[in-house]
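Quick look at target-v5.pdb (PDB, C-alpha atoms):
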ATOM      1  CA  MET A   9       0.000   0.000   0.000
ATOM      2  CA  GLN A  10       2.857   2.371   0.821
ATOM      3  CA  GLN A  11       4.472   1.730  -2.569
ATOM      4  CA  LEU A  12       1.159   2.278  -4.327
ATOM      5  CA  LEU A  13       0.866   5.638  -2.601
ATOM      6  CA  ASN A  14       4.446   6.547  -3.546
ATOM      7  CA  GLY A  15       3.695   5.592  -7.143
ATOM      8  CA  LEU A  16       0.653   7.856  -7.212
ATOM      9  CA  PHE A  17       2.781  10.771  -5.983
ATOM     10  CA  LEU A  18       5.359  10.244  -8.739
ATOM     11  CA  GLY A  19       2.696   9.513 -11.355
ATOM     12  CA  SER A  20       0.854  12.753 -10.646
ATOM     13  CA  ILE A  21       3.984  14.703 -11.710
ATOM     14  CA  TYR A  22       4.322  12.631 -14.879
ATOM     15  CA  ALA A  23       0.640  13.220 -15.623
ATOM     16  CA  LEU A  24       0.904  16.992 -15.141
ATOM     17  CA  PHE A  25       3.918  17.123 -17.464
ATOM     18  CA  ALA A  26       2.239  14.895 -20.068
ATOM     19  CA  ILE A  27      -1.018  16.875 -20.027
ATOM     20  CA  GLY A  28       0.935  19.920 -21.158
ATOM     21  CA  PHE A  29       2.258  17.869 -24.071
ATOM     22  CA  THR A  30      -1.074  16.373 -25.035
ATOM     23  CA  LEU A  31      -3.033  19.631 -24.729
ATOM     24  CA  VAL A  32      -1.064  21.235 -27.569
ATOM     25  CA  PHE A  33      -1.120  18.065 -29.652
ATOM     26  CA  GLY A  34      -4.823  17.397 -29.127
ATOM     27  CA  ILE A  35      -5.961  20.905 -30.029
ATOM     28  CA  LEU A  36      -3.359  22.128 -32.480
ATOM     29  CA  ASP A  37      -1.916  18.897 -33.863
ATOM     30  CA  ARG A  38       1.553  20.164 -32.976
ATOM     31  CA  LEU A  39       4.258  18.516 -30.880
ATOM     32  CA  ASN A  40       6.083  21.103 -28.771
ATOM     33  CA  LEU A  41       9.529  19.681 -27.998
ATOM     34  CA  ALA A  42      10.544  22.888 -26.191
ATOM     35  CA  HIS A  43       8.245  21.690 -23.389
ATOM     36  CA  PRO A  44      11.052  19.798 -21.536
ATOM     37  CA  ALA A  45      13.300  22.886 -21.627
ATOM     38  CA  ALA A  46      10.483  24.993 -20.146
ATOM     39  CA  PHE A  47      10.091  22.280 -17.492
ATOM     40  CA  ALA A  48      13.769  22.658 -16.493
ATOM     41  CA  ALA A  49      13.822  26.460 -16.770
ATOM     42  CA  SER A  50      10.833  26.757 -14.448
ATOM     43  CA  ALA A  51      12.478  24.546 -11.818
ATOM     44  CA  PHE A  52      15.587  26.769 -11.826
ATOM     45  CA  PHE A  53      13.411  29.882 -11.748
ATOM     46  CA  GLY A  54      11.450  28.501  -8.779
ATOM     47  CA  ILE A  55      14.661  27.773  -6.862
ATOM     48  CA  TRP A  56      15.970  31.263  -7.627
ATOM     49  CA  LEU A  57      12.747  32.819  -6.330
ATOM     50  CA  THR A  58      12.895  30.787  -3.140
ATOM     51  CA  GLU A  59      16.562  31.542  -2.464
ATOM     52  CA  SER A  60      16.476  35.215  -3.409
ATOM     53  CA  PHE A  61      13.228  36.344  -1.839
ATOM     54  CA  ASP A  62      12.555  33.652   0.771
ATOM     55  CA  MET A  63       9.078  33.142  -0.684
ATOM     56  CA  PRO A  64       6.676  30.468   0.563
ATOM     57  CA  ILE A  65       6.320  27.589  -1.866
ATOM     58  CA  ALA A  66       2.640  28.399  -2.555
ATOM     59  CA  LEU A  67       3.550  31.855  -3.852
ATOM     60  CA  VAL A  68       6.476  30.409  -5.810
ATOM     61  CA  LEU A  69       4.111  27.999  -7.582
ATOM     62  CA  VAL A  70       1.743  30.833  -8.522
ATOM     63  CA  ILE A  71       4.583  32.939  -9.947
ATOM     64  CA  VAL A  72       6.074  29.954 -11.756
ATOM     65  CA  PHE A  73       2.661  29.224 -13.297
ATOM     66  CA  ALA A  74       2.584  32.790 -14.676
ATOM     67  CA  PHE A  75       6.230  32.473 -15.785
ATOM     68  CA  GLY A  76       5.390  29.260 -17.628
ATOM     69  CA  ALA A  77       2.399  30.900 -19.342
ATOM     70  CA  LEU A  78       4.633  33.736 -20.570
ATOM     71  CA  LEU A  79       7.235  31.236 -21.733
ATOM     72  CA  GLY A  80       4.542  29.339 -23.630
ATOM     73  CA  LEU A  81       3.471  32.504 -25.434
ATOM     74  CA  LEU A  82       7.080  33.165 -26.443
ATOM     75  CA  ILE A  83       7.583  29.590 -27.674
ATOM     76  CA  GLU A  84       4.413  29.769 -29.764
ATOM     77  CA  ARG A  85       5.353  33.144 -31.217
ATOM     78  CA  ILE A  86       8.976  32.185 -31.997
ATOM     79  CA  ALA A  87       8.815  28.497 -32.898
ATOM     80  CA  PHE A  88       5.345  27.880 -34.342
ATOM     81  CA  ARG A  89       3.507  30.990 -35.544
ATOM     82  CA  PRO A  90       6.014  31.981 -38.268
ATOM     83  CA  LEU A  91       5.636  28.468 -39.748
ATOM     84  CA  LYS A  92       1.875  27.990 -39.428
ATOM     85  CA  ASP A  93       1.075  28.467 -43.138
ATOM     86  CA  ARG A  94       3.700  26.069 -44.434
ATOM     87  CA  PRO A  95       2.432  22.760 -45.860
ATOM     88  CA  ASP A  96       4.850  20.944 -43.551
ATOM     89  CA  ALA A  97       3.958  23.092 -40.525
ATOM     90  CA  HIS A  98       3.715  20.076 -38.214
ATOM     91  CA  PHE A  99       7.240  18.813 -38.919
ATOM     92  CA  ALA A 100       8.747  22.297 -39.256
ATOM     93  CA  GLY A 101       7.258  23.349 -35.920
ATOM     94  CA  LEU A 102       8.610  20.208 -34.271
ATOM     95  CA  ILE A 103      12.155  20.952 -35.459
ATOM     96  CA  SER A 104      11.806  24.629 -34.644
ATOM     97  CA  SER A 105      10.674  23.810 -31.107
ATOM     98  CA  ILE A 106      13.757  21.606 -30.627
ATOM     99  CA  ALA A 107      15.910  24.595 -31.601
ATOM    100  CA  VAL A 108      14.077  26.927 -29.225
ATOM    101  CA  GLY A 109      14.397  24.353 -26.438
ATOM    102  CA  GLY A 110      18.152  24.129 -27.064
ATOM    103  CA  MET A 111      18.510  27.908 -26.922
ATOM    104  CA  LEU A 112      16.528  27.991 -23.706
ATOM    105  CA  ILE A 113      18.829  25.420 -22.083
ATOM    106  CA  ALA A 114      21.902  27.360 -23.258
ATOM    107  CA  LEU A 115      20.461  30.540 -21.761
ATOM    108  CA  LEU A 116      19.715  28.663 -18.566
ATOM    109  CA  GLN A 117      23.314  27.481 -18.350
ATOM    110  CA  ALA A 118      24.628  31.000 -18.974
ATOM    111  CA  VAL A 119      22.496  32.406 -16.156
ATOM    112  CA  PHE A 120      22.643  29.649 -13.529
ATOM    113  CA  GLY A 121      25.727  27.662 -14.556
ATOM    114  CA  PRO A 122      26.006  23.914 -15.157
ATOM    115  CA  ASN A 123      25.792  22.786 -11.526
ATOM    116  CA  THR A 124      22.857  21.130  -9.817
ATOM    117  CA  ARG A 125      20.636  23.510  -7.871
ATOM    118  CA  ARG A 126      18.453  22.658  -4.875
ATOM    119  CA  PHE A 127      15.606  24.210  -2.947
ATOM    120  CA  PRO A 128      16.478  25.355   0.606
ATOM    121  CA  ALA A 129      15.981  22.581   3.150
ATOM    122  CA  ASP A 130      12.997  24.234   4.837
ATOM    123  CA  THR A 131      11.038  25.018   1.653
ATOM    124  CA  VAL A 132       8.402  22.415   2.582
ATOM    125  CA  PRO A 133       7.903  21.141   6.164
ATOM    126  CA  ALA A 134       9.514  17.753   6.748
ATOM    127  CA  GLU A 135       6.640  16.326   8.804
ATOM    128  CA  THR A 136       4.869  13.144   7.763
ATOM    129  CA  ILE A 137       1.225  12.151   8.062
ATOM    130  CA  ASP A 138       0.368   8.662   9.323
ATOM    131  CA  PHE A 139      -2.631   7.052   7.569
ATOM    132  CA  GLY A 140      -2.428   3.890   9.664
ATOM    133  CA  ALA A 141      -1.440   0.326   8.719
ATOM    134  CA  GLY A 142       2.134   1.545   8.252
ATOM    135  CA  VAL A 143       1.212   3.929   5.440
ATOM    136  CA  THR A 144       2.695   7.437   5.688
ATOM    137  CA  ALA A 145       3.030  10.423   3.407
ATOM    138  CA  SER A 146       5.187  13.516   3.708
ATOM    139  CA  VAL A 147       3.776  17.018   3.526
ATOM    140  CA  LEU A 148       5.657  17.425   0.236
ATOM    141  CA  GLN A 149       3.918  14.395  -1.265
ATOM    142  CA  ILE A 150       0.537  15.724  -0.185
ATOM    143  CA  VAL A 151       1.367  19.117  -1.747
ATOM    144  CA  ILE A 152       2.431  17.430  -5.007
ATOM    145  CA  VAL A 153      -0.783  15.437  -5.337
ATOM    146  CA  ALA A 154      -3.024  18.336  -4.282
ATOM    147  CA  VAL A 155      -1.449  20.801  -6.715
ATOM    148  CA  SER A 156      -1.341  18.299  -9.590
ATOM    149  CA  LEU A 157      -4.919  17.110  -9.190
ATOM    150  CA  GLY A 158      -6.166  20.661  -8.623
ATOM    151  CA  LEU A 159      -4.605  21.878 -11.864
ATOM    152  CA  MET A 160      -5.797  18.853 -13.835
ATOM    153  CA  ILE A 161      -9.372  19.229 -12.572
ATOM    154  CA  GLY A 162      -9.279  22.968 -13.308
ATOM    155  CA  LEU A 163      -8.059  22.298 -16.830
ATOM    156  CA  THR A 164     -10.765  19.669 -17.412
ATOM    157  CA  VAL A 165     -13.457  22.129 -16.322
ATOM    158  CA  LEU A 166     -11.928  24.875 -18.457
ATOM    159  CA  VAL A 167     -11.863  22.731 -21.593
ATOM    160  CA  GLY A 168     -15.237  21.110 -20.999
ATOM    161  CA  ARG A 169     -17.411  23.988 -19.800
ATOM    162  CA  SER A 170     -15.975  27.419 -20.632
ATOM    163  CA  SER A 171     -16.318  29.450 -23.825
ATOM    164  CA  LEU A 172     -12.546  29.189 -24.242
ATOM    165  CA  GLY A 173     -12.863  25.421 -23.985
ATOM    166  CA  ARG A 174     -15.576  25.390 -26.679
ATOM    167  CA  SER A 175     -13.271  27.435 -28.922
ATOM    168  CA  MET A 176     -10.456  24.983 -28.226
ATOM    169  CA  ARG A 177     -12.642  22.036 -29.185
ATOM    170  CA  ALA A 178     -13.749  23.808 -32.359
ATOM    171  CA  VAL A 179     -10.129  24.468 -33.352
ATOM    172  CA  ALA A 180      -9.242  20.859 -32.572
ATOM    173  CA  GLU A 181     -11.961  19.605 -34.925
ATOM    174  CA  ASN A 182     -11.354  21.985 -37.819
ATOM    175  CA  PRO A 183      -9.347  25.245 -37.556
ATOM    176  CA  GLY A 184     -10.649  26.546 -40.878
ATOM    177  CA  ALA A 185     -14.294  26.006 -39.973
ATOM    178  CA  ALA A 186     -13.679  27.471 -36.509
ATOM    179  CA  ARG A 187     -12.259  30.631 -38.102
ATOM    180  CA  VAL A 188     -15.311  30.925 -40.369
ATOM    181  CA  LEU A 189     -17.548  30.650 -37.302
ATOM    182  CA  GLY A 190     -15.774  33.601 -35.682
ATOM    183  CA  VAL A 191     -13.255  31.844 -33.468
ATOM    184  CA  ASN A 192      -9.979  33.735 -33.165
ATOM    185  CA  VAL A 193      -7.740  30.766 -33.952
ATOM    186  CA  ASP A 194      -4.486  32.642 -33.310
ATOM    187  CA  ARG A 195      -5.668  33.670 -29.856
ATOM    188  CA  VAL A 196      -6.813  30.140 -29.034
ATOM    189  CA  THR A 197      -3.463  28.799 -30.246
ATOM    190  CA  ALA A 198      -1.475  31.228 -28.074
ATOM    191  CA  THR A 199      -3.680  30.536 -25.048
ATOM    192  CA  THR A 200      -3.277  26.790 -25.494
ATOM    193  CA  PHE A 201       0.506  27.121 -25.520
ATOM    194  CA  ALA A 202       0.376  29.372 -22.442
ATOM    195  CA  ILE A 203      -1.753  26.916 -20.443
ATOM    196  CA  SER A 204       0.253  23.919 -21.614
ATOM    197  CA  THR A 205       3.619  25.415 -20.664
ATOM    198  CA  ALA A 206       2.283  26.757 -17.362
ATOM    199  CA  LEU A 207       1.308  23.191 -16.389
ATOM    200  CA  GLY A 208       4.755  21.945 -17.407
ATOM    201  CA  ALA A 209       6.366  24.748 -15.391
ATOM    202  CA  VAL A 210       4.560  23.752 -12.207
ATOM    203  CA  ALA A 211       5.440  20.111 -12.889
ATOM    204  CA  GLY A 212       9.099  21.159 -13.114
ATOM    205  CA  VAL A 213       9.039  22.754  -9.664
ATOM    206  CA  LEU A 214       7.203  19.791  -8.132
ATOM    207  CA  PHE A 215       9.669  17.354  -9.697
ATOM    208  CA  ALA A 216      12.665  19.363  -8.426
ATOM    209  CA  LEU A 217      11.121  19.382  -4.963
ATOM    210  CA  SER A 218      10.462  15.637  -5.044
ATOM    211  CA  VAL A 219      14.063  14.693  -5.961
ATOM    212  CA  ASN A 220      15.597  17.721  -4.194
ATOM    213  CA  SER A 221      17.583  18.803  -7.232
ATOM    214  CA  ALA A 222      17.298  20.613 -10.543
ATOM    215  CA  GLN A 223      19.631  19.931 -13.456
ATOM    216  CA  LEU A 224      19.868  21.295 -16.968
ATOM    217  CA  GLY A 225      18.991  17.871 -18.417
ATOM    218  CA  MET A 226      16.047  17.144 -16.127
ATOM    219  CA  GLY A 227      13.549  17.915 -18.881
ATOM    220  CA  THR A 228      15.212  15.532 -21.314
ATOM    221  CA  ALA A 229      15.052  12.753 -18.728
ATOM    222  CA  ILE A 230      11.296  13.085 -18.360
ATOM    223  CA  GLU A 231      10.515  13.904 -22.003
ATOM    224  CA  LEU A 232      10.417  10.312 -23.215
ATOM    225  CA  LYS A 233       8.214   9.310 -20.310
ATOM    226  CA  GLY A 234       5.821  12.148 -21.073
ATOM    227  CA  LEU A 235       5.552  11.039 -24.696
ATOM    228  CA  ALA A 236       5.018   7.430 -23.607
ATOM    229  CA  VAL A 237       2.274   8.528 -21.229
ATOM    230  CA  ILE A 238       0.286  10.415 -23.869
ATOM    231  CA  ILE A 239       0.614   7.552 -26.361
ATOM    232  CA  VAL A 240      -0.593   5.017 -23.816
ATOM    233  CA  GLY A 241      -3.386   7.287 -22.604
ATOM    234  CA  GLY A 242      -4.467   8.174 -26.130
ATOM    235  CA  MET A 243      -3.071  11.061 -28.162
ATOM    236  CA  GLY A 244      -4.869  14.268 -27.218
ATOM    237  CA  SER A 245      -6.811  12.769 -24.309
ATOM    238  CA  LEU A 246      -6.579  14.601 -20.973
ATOM    239  CA  PRO A 247      -8.009  11.697 -18.913
ATOM    240  CA  GLY A 248      -5.667   9.385 -20.791
ATOM    241  CA  ALA A 249      -2.619  11.466 -19.833
ATOM    242  CA  LEU A 250      -3.711  11.401 -16.199
ATOM    243  CA  VAL A 251      -4.231   7.634 -16.084
ATOM    244  CA  GLY A 252      -1.116   6.951 -18.157
ATOM    245  CA  GLY A 253       1.020   9.078 -15.830
ATOM    246  CA  LEU A 254      -0.281   7.307 -12.756
ATOM    247  CA  ILE A 255       0.311   3.881 -14.325
ATOM    248  CA  LEU A 256       3.901   4.812 -15.189
ATOM    249  CA  GLY A 257       4.578   6.216 -11.722
ATOM    250  CA  VAL A 258       3.190   3.167  -9.931
ATOM    251  CA  ALA A 259       5.029   0.780 -12.269
ATOM    252  CA  GLU A 260       8.350   2.542 -11.623
ATOM    253  CA  VAL A 261       7.963   2.519  -7.861
ATOM    254  CA  PHE A 262       7.013  -1.179  -7.772
ATOM    255  CA  ALA A 263       9.903  -2.018 -10.115
ATOM    256  CA  ILE A 264      12.384  -0.262  -7.808
ATOM    257  CA  GLN A 265      10.936  -1.939  -4.721
ATOM    258  CA  TYR A 266      10.677  -5.518  -5.960
ATOM    259  CA  VAL A 267      13.154  -5.855  -8.856
ATOM    260  CA  GLY A 268      15.794  -3.134  -8.535
ATOM    261  CA  SER A 269      16.361   0.456  -9.574
ATOM    262  CA  SER A 270      18.322  -0.561 -12.670
ATOM    263  CA  TRP A 271      15.170  -2.341 -13.969
ATOM    264  CA  ARG A 272      12.967   0.642 -13.331
ATOM    265  CA  ASP A 273      12.626   1.940 -16.894
ATOM    266  CA  LEU A 274      12.584  -1.545 -18.452
ATOM    267  CA  ILE A 275       9.661  -2.745 -16.334
ATOM    268  CA  ALA A 276       7.713   0.474 -16.669
ATOM    269  CA  PHE A 277       8.055   0.754 -20.440
ATOM    270  CA  ALA A 278       7.431  -2.969 -20.931
ATOM    271  CA  LEU A 279       4.113  -2.535 -19.137
ATOM    272  CA  LEU A 280       3.239   0.452 -21.298
ATOM    273  CA  PHE A 281       4.226  -1.497 -24.419
ATOM    274  CA  LEU A 282       1.950  -4.344 -23.313
ATOM    275  CA  ILE A 283      -0.963  -1.926 -22.946
ATOM    276  CA  LEU A 284      -0.396  -0.658 -26.470
ATOM    277  CA  LEU A 285      -0.420  -4.212 -27.824
ATOM    278  CA  VAL A 286      -3.871  -4.740 -26.321
ATOM    279  CA  ARG A 287      -5.218  -1.273 -27.211
ATOM    280  CA  PRO A 288      -3.105   0.396 -29.953
ATOM    281  CA  GLN A 289      -5.078   3.657 -29.895
ATOM    282  CA  GLY A 290      -4.321   4.102 -26.176
ATOM    283  CA  LEU A 291      -6.530   3.664 -23.135
ATOM    284  CA  PHE A 292      -8.786   6.642 -23.890
ATOM    285  CA  GLY A 293      -8.051   7.145 -27.571
ATOM    286  CA  LYS A 294     -10.472   6.611 -30.439
ATOM    287  CA  ARG A 295      -9.602   5.563 -33.932
ATOM    288  CA  LYS A 296      -9.518   8.499 -36.392
ATOM    289  CA  VAL A 297     -10.955  10.843 -33.768
ATOM    290  CA  ARG A 298      -8.951  13.444 -31.866
ATOM    291  CA  GLU A 299      -9.949  14.395 -28.342
ATOM    292  CA  VAL A 300      -9.146  17.433 -26.238
TER     293      VAL A 300
END

Target format structure tokens, applied to this file:
Amino acid sequence: MQQLLNGLFLGSIYALFAIGFTLVFGILDRLNLAHPAAFAASAFFGIWLTESFDMPIALVLVIVFAFGALLGLLIERIAFRPLKDRPDAHFAGLISSIAVGGMLIALLQAVFGPNTRRFPADTVPAETIDFGAGVTASVLQIVIVAVSLGLMIGLTVLVGRSSLGRSMRAVAENPGAARVLGVNVDRVTATTFAISTALGAVAGVLFALSVNSAQLGMGTAIELKGLAVIIVGGMGSLPGALVGGLILGVAEVFAIQYVGSSWRDLIAFALLFLILLVRPQGLFGKRKVREV
């Protein structure tokens, strides 16, 4: 039971990161590979805020969310918008986003240096909560799950019930028809990138808190897992990204506990591969239909 709980904590970070990926893909049919760099940049920015201004972690997360949204707008404007009318816009945007991600990491190294950075020791209280039957959770783990689930529920409500969400779904179905119906496609596109990157930014801070370190390559390490999560959950599916992230987190924790840390990725990805053999379109995916 304790390992299951630990897996859910880790999986909630994977899910938050993957939802940022799948939101852009599901609505805009674009794969933003600058997302991992934004993930790392936000972790460093969060540590800098905490060290420089002695801010509480709740305020840091709010500021990092806004920082991520701004970063998303810049990525969309630099890497994707200039290429939107090209016939190969999907592939060109993918390559362009890799370049922007590389520049972002280089800038990060110039500002913060190549060394590992850490949050101050007292950023989150070290107390643990006892749930009985030998099951405990730290305050940090509770914060991670609460923030992740809160953001994912908020995003689901936004997409499903707001006018912005209806515009997003219209763009996801047919951007040309949405434009004819009066939807400002460029604004929806920019907003989608802002929300997506803001979620990835918060995931970056939570991940750095959970492992007590932030490195320049931390986004690259989680990138492949994020892609695996959205494929298993179903491309473009928000519930799928959530469930896929939790499955990956639980599988990793159980692999470390019962097989060994060196088998962690092998066991986790083998399980995901098995799911795809049974359901190639992903757990929540539909054939020839994109979901938001």

Quick one: which residues end up in the PyMOL selection byres ((chain A and resi 59) around 12) for this structure, as JSON, numbers by chain?
{"A": [52, 53, 54, 55, 56, 57, 58, 60, 61, 62, 63, 64, 65, 68, 125, 126, 127, 128, 129, 130, 131]}

Shell of 7 Å around region 150-161 of chain A, all atoms listed in the file, local chain residues under 4 positions omitted, as a list in words
Phe17, Ser20, Ile21, Leu24, Ala145, Ser146, Val165 and Leu214 of chain A

For this structure, which residues satisfy the selection - the PyMOL selection byres ((chain A and resi 76) around 8) - when it is evaluated on the file as given? I want them as a VMD selection string.
chain A and resid 46 50 72 to 75 77 to 80 202 205 to 210

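The spacing separating CA of Met176 (chain A) from CA of Leu41 (chain A) amounts to 20.7 Å.
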
List as a count of residues only the protein and nucleic acid residues near Val191 (chain A), meaning an atom at most 10 Å away when all atoms listed in the file are counted, but skip any in the same chain fewer than 2 places from it.
17

Show me the residues around (6.7, 16.5, -33.7) - criterion: an atom at most 12 Å away, all atoms listed in the file counted - as a ChimeraX atom specification.
/A:29-30,32-33,36-43,88,96-106,235

How many Å lie between CA of Ala107 (chain A) and CA of Phe277 (chain A), rounded to one decimal?
27.5 Å

Quick one: distance from CA of Gly257 (chain A) to CA of Ala51 (chain A) in Å, one decimal?
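For CA of Gly257 (chain A) relative to CA of Ala51 (chain A), the distance reads 20.0 Å.
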
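Minimum atom-to-atom distances from A:Pro133, A:Asn14, A:Ile230, A:Leu82 to Ala211 (chain A) were compared using all atoms listed in the file, and the lowest value belongs to A:Ile230.
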
Go through A:Ala141, A:Ala118, A:Met226, A:Ile203 and flag the residue nearest Leu166 (chain A), using only C-alpha atoms for the distances.
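Going through A:Ala141, A:Ala118, A:Met226, A:Ile203 one by one, the smallest distance to Leu166 (chain A) is for A:Ile203.
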
Looking at A:Leu116, A:Ala198, A:Val261, A:Leu280, which one is nearest to Lys233 (chain A), with distances taken over all atoms listed in the file?
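So, comparing all the options, the nearest one is A:Leu280.
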
Using all atoms listed in the file, can you tell me which of A:Leu18, A:Ala229, A:Leu148, A:Met9 comes closest to Pro44 (chain A)?
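Nearest candidate to Pro44 (chain A) out of A:Leu18, A:Ala229, A:Leu148, A:Met9: A:Ala229.
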
Point out the residue among A:Ala45, A:Val108, A:Val119, A:Leu291 with the least atom-to-atom distance to Ile83 (chain A), counting only C-alpha atoms.
A:Val108

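Distance annotation: of A:Glu260, A:Asp93, A:Glu181, A:Glu135, the residue with the minimal separation from Gly19 (chain A) is A:Glu260; atom set is only C-alpha atoms.
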
Could you list as a compact mmCIF listing (two decimals) with C-alpha atoms, keeping the file's coordinate frame every residue that has an atom within 8 Å of (19.7, 22.8, -17.7), using the file's coordinates and counting all atoms listed in the file?
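What follows is the written file part.txt:
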# COMPACT_ATOMS: atom_id res chain seq x y z
CA ALA A 45 13.30 22.89 -21.63
CA ALA A 48 13.77 22.66 -16.49
CA ALA A 49 13.82 26.46 -16.77
CA ILE A 113 18.83 25.42 -22.08
CA ALA A 114 21.90 27.36 -23.26
CA LEU A 116 19.72 28.66 -18.57
CA GLN A 117 23.31 27.48 -18.35
CA PRO A 122 26.01 23.91 -15.16
CA ALA A 222 17.30 20.61 -10.54
CA GLN A 223 19.63 19.93 -13.46
CA LEU A 224 19.87 21.30 -16.97
CA GLY A 225 18.99 17.87 -18.42
CA MET A 226 16.05 17.14 -16.13
CA GLY A 227 13.55 17.92 -18.88

Report, as lines of an AutoDock Vina configuration file, the axis-aligned box around all atoms of region 267-270 of chain A present in the file, extended by 5 Å on each side; give centre and edge lengths in Å to one decimal place.
center_x = 15.7
center_y = -2.7
center_z = -10.6
size_x = 15.2
size_y = 16.3
size_z = 14.1

Which residues match the PyMOL selection byres ((chain A and resi 237) around 10) in the file above, as a count of residues only?
32

Tell me, as an mmCIF file with C-alpha atoms, keeping the file's coordinate frame, which residues lie within 8 Å of region 262-267 of chain A, counting all atoms listed in the file; anything in the same chain fewer than 3 positions away does not count.
data_model
loop_
_atom_site.group_PDB
_atom_site.id
_atom_site.type_symbol
_atom_site.label_atom_id
_atom_site.label_comp_id
_atom_site.auth_asym_id
_atom_site.auth_seq_id
_atom_site.Cartn_x
_atom_site.Cartn_y
_atom_site.Cartn_z
ATOM 1 C CA GLN A 11 4.472 1.730 -2.569
ATOM 2 C CA LEU A 12 1.159 2.278 -4.327
ATOM 3 C CA GLY A 15 3.695 5.592 -7.143
ATOM 4 C CA VAL A 258 3.190 3.167 -9.931
ATOM 5 C CA ALA A 259 5.029 0.780 -12.269
ATOM 6 C CA SER A 270 18.322 -0.561 -12.670
ATOM 7 C CA TRP A 271 15.170 -2.341 -13.969
ATOM 8 C CA ARG A 272 12.967 0.642 -13.331
ATOM 9 C CA ILE A 275 9.661 -2.745 -16.334
ATOM 10 C CA ALA A 276 7.713 0.474 -16.669
#
